[in-house]
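run.cif, holding mmCIF, C-alpha atoms:
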data_query
loop_
_atom_site.label_atom_id
_atom_site.label_comp_id
_atom_site.auth_asym_id
_atom_site.auth_seq_id
_atom_site.Cartn_x
_atom_site.Cartn_y
_atom_site.Cartn_z
CA MET C 1 0.00 0.00 0.00
CA THR C 2 1.44 3.39 -0.98
CA ASN C 3 1.31 6.49 1.21
CA SER C 4 -1.60 7.75 -0.89
CA GLY C 5 -3.67 4.72 0.08
CA ILE C 6 -3.46 3.23 -3.42
CA PRO C 7 -2.22 -0.39 -3.35
CA SER C 8 1.22 -1.02 -4.81
CA LEU C 9 0.88 -3.21 -7.89
CA ILE C 10 2.98 -6.35 -8.23
CA GLY C 11 3.89 -8.15 -11.41
CA GLY C 12 1.89 -10.73 -13.30
CA PHE C 13 3.33 -13.22 -15.78
CA SER C 14 6.99 -12.61 -16.67
CA ASN C 15 6.25 -13.47 -20.29
CA LYS C 16 2.53 -13.12 -20.82
CA ALA C 17 2.33 -15.12 -24.04
CA SER C 18 4.41 -18.15 -23.08
CA ASP C 19 3.40 -18.20 -19.40
CA SER C 20 -0.33 -18.00 -20.13
CA LEU C 21 0.02 -20.73 -22.76
CA ALA C 22 1.84 -23.01 -20.31
CA CYS C 23 -0.75 -22.38 -17.61
CA TYR C 24 -3.65 -22.91 -19.99
CA SER C 25 -2.13 -26.22 -21.06
CA THR C 26 -1.79 -27.31 -17.42
CA LEU C 27 -5.38 -26.32 -16.66
CA HIS C 28 -6.56 -28.24 -19.72
CA GLU C 29 -4.64 -31.30 -18.54
CA ALA C 30 -6.10 -30.96 -15.04
CA THR C 31 -9.64 -30.72 -16.39
CA SER C 32 -9.06 -33.68 -18.71
CA ASN C 33 -7.62 -35.74 -15.83
CA PRO C 34 -9.87 -35.03 -12.83
CA ALA C 35 -8.59 -35.51 -9.27
CA THR C 36 -4.99 -35.47 -10.53
CA ILE C 37 -2.54 -32.99 -9.00
CA PHE C 38 -0.43 -30.86 -11.34
CA GLN C 39 2.48 -28.58 -10.49
CA LEU C 40 2.05 -24.94 -11.45
CA PRO C 41 4.21 -24.36 -14.54
CA VAL C 42 5.19 -20.81 -13.54
CA THR C 43 5.61 -18.74 -10.40
CA VAL C 44 3.99 -15.35 -9.95
CA ALA C 45 3.64 -12.83 -7.17
CA ALA C 46 0.45 -13.15 -5.14
CA PRO C 47 -1.28 -10.16 -3.53
CA ARG C 48 -2.51 -10.31 0.05
CA GLY C 49 -5.63 -12.49 0.22
CA LEU C 50 -4.80 -14.84 -2.64
CA MET C 51 -2.54 -17.88 -3.00
CA MET C 52 -0.30 -18.20 -6.02
CA GLY C 53 -2.34 -21.05 -7.47
CA ALA C 54 -5.50 -18.95 -7.60
CA VAL C 55 -3.59 -16.03 -9.10
CA VAL C 56 -2.15 -18.24 -11.85
CA ILE C 57 -5.61 -19.56 -12.70
CA LEU C 58 -7.17 -16.11 -12.86
CA LEU C 59 -4.30 -14.58 -14.85
CA THR C 60 -4.84 -17.39 -17.35
CA LEU C 61 -8.63 -17.52 -17.58
CA ALA C 62 -10.11 -14.23 -16.36
CA ASP C 63 -10.69 -11.20 -18.55
CA ALA C 64 -13.00 -8.21 -18.83
CA GLU C 65 -15.96 -10.47 -19.64
CA THR C 66 -15.54 -12.88 -16.70
CA PRO C 67 -16.82 -11.41 -13.41
CA VAL C 68 -15.01 -12.66 -10.30
CA TRP C 69 -16.43 -13.00 -6.79
CA LEU C 70 -13.96 -13.03 -3.91
CA ALA C 71 -14.99 -14.55 -0.58
CA PRO C 72 -14.34 -12.25 2.40
CA GLU C 73 -11.08 -14.04 3.30
CA CYS C 74 -9.77 -13.40 -0.23
CA ASP C 75 -11.28 -9.97 -0.81
CA THR C 76 -8.51 -7.44 -0.13
CA THR C 77 -7.74 -4.10 -1.71
CA GLU C 78 -4.50 -5.56 -3.04
CA ALA C 79 -6.25 -8.58 -4.58
CA ARG C 80 -8.85 -6.41 -6.29
CA ALA C 81 -6.24 -4.02 -7.68
CA HIS C 82 -4.03 -6.87 -8.87
CA LEU C 83 -6.79 -8.69 -10.74
CA LEU C 84 -8.22 -5.52 -12.26
CA PHE C 85 -4.82 -4.36 -13.51
CA HIS C 86 -3.62 -7.69 -14.91
CA THR C 87 -6.89 -9.19 -16.21
CA GLY C 88 -9.44 -6.39 -16.37
CA CYS C 89 -12.01 -8.67 -14.71
CA PRO C 90 -14.83 -6.98 -12.80
CA ILE C 91 -15.06 -7.89 -9.10
CA VAL C 92 -18.72 -8.47 -8.21
CA ALA C 93 -20.45 -8.39 -4.84
CA GLU C 94 -23.13 -10.95 -5.76
CA PRO C 95 -21.96 -14.58 -6.12
CA GLU C 96 -24.70 -15.35 -8.62
CA LEU C 97 -23.10 -12.94 -11.11
CA ALA C 98 -19.66 -14.55 -11.01
CA ALA C 99 -17.95 -16.61 -13.68
CA PHE C 100 -15.24 -17.43 -11.11
CA ALA C 101 -15.63 -17.61 -7.33
CA VAL C 102 -12.50 -17.69 -5.17
CA MET C 103 -12.69 -18.93 -1.59
CA SER C 104 -10.86 -20.86 1.10
CA VAL C 105 -11.60 -24.56 1.38
CA GLU C 106 -12.20 -23.98 5.11
CA ARG C 107 -15.16 -21.63 4.70
CA ASP C 108 -18.87 -22.44 4.68
CA LEU C 109 -19.37 -23.76 1.16
CA SER C 110 -23.13 -23.43 1.23
CA ILE C 111 -22.51 -20.20 -0.72
CA THR C 112 -21.92 -22.37 -3.80
CA LYS C 113 -25.67 -22.91 -4.13
CA ASP C 114 -25.94 -19.19 -4.98
CA LEU C 115 -23.50 -19.42 -7.89
CA GLY C 116 -24.48 -19.79 -11.51
CA LEU C 117 -25.40 -23.46 -11.99
CA GLY C 118 -26.20 -23.30 -15.69
CA LEU C 119 -29.55 -23.71 -17.39
CA ALA C 120 -31.19 -26.81 -18.79
CA GLU C 121 -30.83 -25.33 -22.27
CA TYR C 122 -27.34 -23.93 -21.60
CA PRO C 123 -25.63 -26.12 -18.97
CA ASP C 124 -22.25 -24.60 -19.86
CA ARG C 125 -23.31 -21.24 -18.45
CA THR C 126 -21.98 -22.14 -15.06
CA ALA C 127 -19.49 -20.76 -12.56
CA THR C 128 -16.10 -22.18 -11.69
CA VAL C 129 -15.17 -22.39 -8.00
CA ILE C 130 -11.49 -21.88 -7.19
CA LEU C 131 -10.89 -23.39 -3.74
CA GLU C 132 -7.68 -22.42 -1.99
CA SER C 133 -5.92 -24.95 0.25
CA GLU C 134 -2.41 -25.06 1.66
CA ARG C 135 -1.88 -28.59 0.34
CA LEU C 136 -3.43 -30.96 -2.17
CA ILE C 137 -3.16 -34.65 -1.28
CA ASP C 138 -2.92 -37.53 -3.75
CA GLY C 139 -4.14 -41.02 -2.91
CA GLU C 140 -6.30 -40.09 0.09
CA GLY C 141 -9.91 -39.02 0.58
CA PRO C 142 -13.00 -39.93 -1.44
CA LEU C 143 -12.91 -42.03 -4.57
CA PHE C 144 -13.59 -40.22 -7.85
CA HIS C 145 -14.43 -41.67 -11.24
CA GLY C 146 -15.92 -40.52 -14.50
CA PRO C 147 -14.88 -39.01 -17.85
CA GLY C 148 -11.12 -38.65 -18.25
CA MET C 149 -10.31 -41.46 -15.82
CA THR C 150 -9.18 -44.94 -16.83
CA GLU C 151 -9.55 -46.01 -13.20
CA PRO C 152 -10.91 -44.42 -9.99
CA ARG C 153 -8.66 -42.02 -8.08
CA ARG C 154 -8.52 -40.75 -4.53
CA PHE C 155 -7.97 -37.08 -3.91
CA CYS C 156 -8.07 -34.87 -0.82
CA VAL C 157 -7.13 -31.41 0.41
CA GLU C 158 -5.70 -30.25 3.70
CA GLU C 159 -7.92 -28.71 6.40
CA HIS C 160 -11.18 -29.23 4.56
CA PRO C 161 -14.50 -29.32 6.43
CA PRO C 162 -16.42 -32.63 6.35
CA SER C 163 -19.16 -30.88 4.38
CA LEU C 164 -16.85 -30.27 1.40
CA TRP C 165 -17.46 -33.64 -0.23
CA VAL C 166 -21.18 -33.47 0.56
CA HIS C 167 -21.39 -30.19 -1.38
CA ILE C 168 -19.43 -31.66 -4.27
CA ALA C 169 -21.68 -34.76 -4.34
CA ALA C 170 -24.80 -32.57 -4.31
CA ASN C 171 -23.35 -30.50 -7.13
CA GLN C 172 -22.57 -33.57 -9.23
CA ALA C 173 -26.16 -34.73 -8.85
CA LEU C 174 -27.20 -31.63 -10.84
CA PHE C 175 -25.22 -32.72 -13.91
CA PRO C 176 -25.22 -31.52 -16.68
CA ARG C 177 -25.79 -28.40 -14.62
CA GLY C 178 -23.67 -27.46 -11.62
CA VAL C 179 -20.40 -25.66 -10.94
CA ASP C 180 -16.91 -26.83 -11.88
CA TRP C 181 -14.19 -27.00 -9.21
CA ILE C 182 -10.49 -26.14 -9.31
CA PHE C 183 -8.38 -26.67 -6.19
CA ALA C 184 -5.36 -24.40 -5.87
CA SER C 185 -2.45 -24.45 -3.44
CA PRO C 186 0.62 -22.19 -3.49
CA THR C 187 2.34 -24.65 -5.87
CA GLU C 188 -0.25 -27.03 -7.34
CA LEU C 189 -3.72 -27.34 -8.82
CA ALA C 190 -6.30 -30.05 -9.48
CA ALA C 191 -9.72 -30.00 -11.10
CA LEU C 192 -13.06 -31.70 -10.51
CA PRO C 193 -15.41 -30.98 -13.43
CA ARG C 194 -19.09 -31.29 -12.62
CA SER C 195 -19.15 -34.55 -14.61
CA THR C 196 -16.83 -36.23 -12.07
CA LYS C 197 -18.60 -38.67 -9.75
CA ILE C 198 -17.67 -38.97 -6.07
CA GLU C 199 -18.09 -41.95 -3.77
CA LEU C 200 -18.36 -40.89 -0.14
#

What's the structure tokens form of this structure?
Amino acid sequence: MTNSGIPSLIGGFSNKASDSLACYSTLHEATSNPATIFQLPVTVAAPRGLMMGAVVILLTLADAETPVWLAPECDTTEARAHLLFHTGCPIVAEPELAAFAVMSVERDLSITKDLGLGLAEYPDRTATVILESERLIDGEGPLFHGPGMTEPRRFCVEEHPPSLWVHIAANQALFPRGVDWIFASPTELAALPRSTKIEL
């Protein structure tokens, strides 16, 4: 924060073209291989309120036509300024208006029911939830199976509430509607598209 009260901006991608391409490729691989953990292909600075994984995802996917909702634990002046400067995305106060919703995995996830869940005619008009966690864990937790998987996989995240998987199961039951999920840590990411089935 500068003396004038305006947040000091920090850098985005070092090489916007190559970095965004590498990150998009990783996100595509994560979506195509649900419940699989991928290392972030680049490092970027993260403003107060956001982990690097979430920043990488938003720098790659967000733009002026993708409204972003930040949960209270992520919603800082620095985070808003950073995203606006580097992506141009509008920050919205109403979750139902968001294309991307960023929140901690530890919060009350009942807010996800207020996000865009798609329409019967347009199921792709849905929001993507970016859940921040300090660590993604391979080989533990619920069993997942579905498109993109040759065999079931176990996946978990650190410090999650027991209700997390209940919310994800309820969301999957809405398919082809429902939100998509991306889990982001400071160094890794993993995706659970709404087509992925969970066994509790």

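Nearest-residue note for Leu136 in chain C: choosing from C:Tyr122, C:Phe175, C:Phe155, C:Phe100, the minimum distance belongs to C:Phe155, counting all atoms listed in the file.
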
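Distances from C:Gly88, C:Gly53, C:Pro142, C:Pro161 to Pro41 in chain C were compared using all atoms listed in the file, and the smallest one belongs to C:Gly53.
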
message: At a cut-off of 12 Å, using only C-alpha atoms, what residues contact Thr60 in chain C? Leave out same-chain residues fewer than 2 positions from it and give the result as a ChimeraX atom specification.
response: /C:12-13,16-28,40-42,44,53-58,62-63,66,83,86-89

task: Using all atoms listed in the file, pick whichever of C:Ile198, C:Asp114, C:Gly49, C:Thr43 has the shortest atom-to-atom distance to Thr77 in chain C.
output: C:Gly49

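When only C-alpha atoms are used to compute distances to Gly139 in chain C, the closest of the residues C:Leu164, C:Pro152, C:Glu106, C:Ala81 turns out to be C:Pro152.
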
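Among the candidates C:Val166, C:Leu131, C:Leu117, C:Ile10, the one nearest to Pro186 in chain C when counting all atoms listed in the file is C:Leu131.
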
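The nearest approach to Ile91 in chain C among the residues C:Glu121, C:Asp75, C:Glu151, C:Glu132, with only C-alpha atoms taken into account, belongs to C:Asp75.
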
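Separating CA of Pro176 in chain C from CA of Leu61 in chain C is a distance of 21.7 Å.
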
message: Report, in Å to a single decimal, how far apart CA of Leu70 in chain C and CA of Leu84 in chain C are.
response: 12.6 Å

field: the PyMOL selection byres ((chain C and resi 102-104) around 12) applied to the shown file, residues as a PyMOL selection string
entry: chain C and resi 49-51+53-55+57-58+62+67-75+79-80+91-92+95+98-101+105-112+115+127-135+157-161+164+181-185

- prompt: In Å, with one decimal, what is the gap from CA of Asp138 in chain C to CA of Gln172 in chain C?
  reply: 20.8 Å

Give, as AutoDock Vina command-line options, the centre coordinates and the x, y and z edge lengths in Å to one decimal for an axis-aligned box around all listed atoms of range 90-101 of chain C, padded by 6 Å on each side.
--center_x -19.8 --center_y -12.3 --center_z -9.3 --size_x 21.9 --size_y 22.6 --size_z 20.8

- request: Would you list the contacts of Ala120 in chain C as a PyMOL selection string, taking every protein, DNA or RNA residue within 12 Å and counting only C-alpha atoms, but skipping same-chain residues closer than 5 positions in sequence?
  value: chain C and resi 125-126+174-178

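Close contacts of range 30-37 of chain C, defined as residues with an atom at most 8 Å away when counting only C-alpha atoms, with chain neighbours fewer than 2 positions off set aside, comprise Thr26, Leu27, His28, Gln39, Leu136, Ile137, Asp138, Phe144, Pro147, Gly148, Met149, Arg153, Arg154, Phe155, Glu188, Leu189, Ala190, Ala191, Leu192, Pro193 and Thr196 of chain C.
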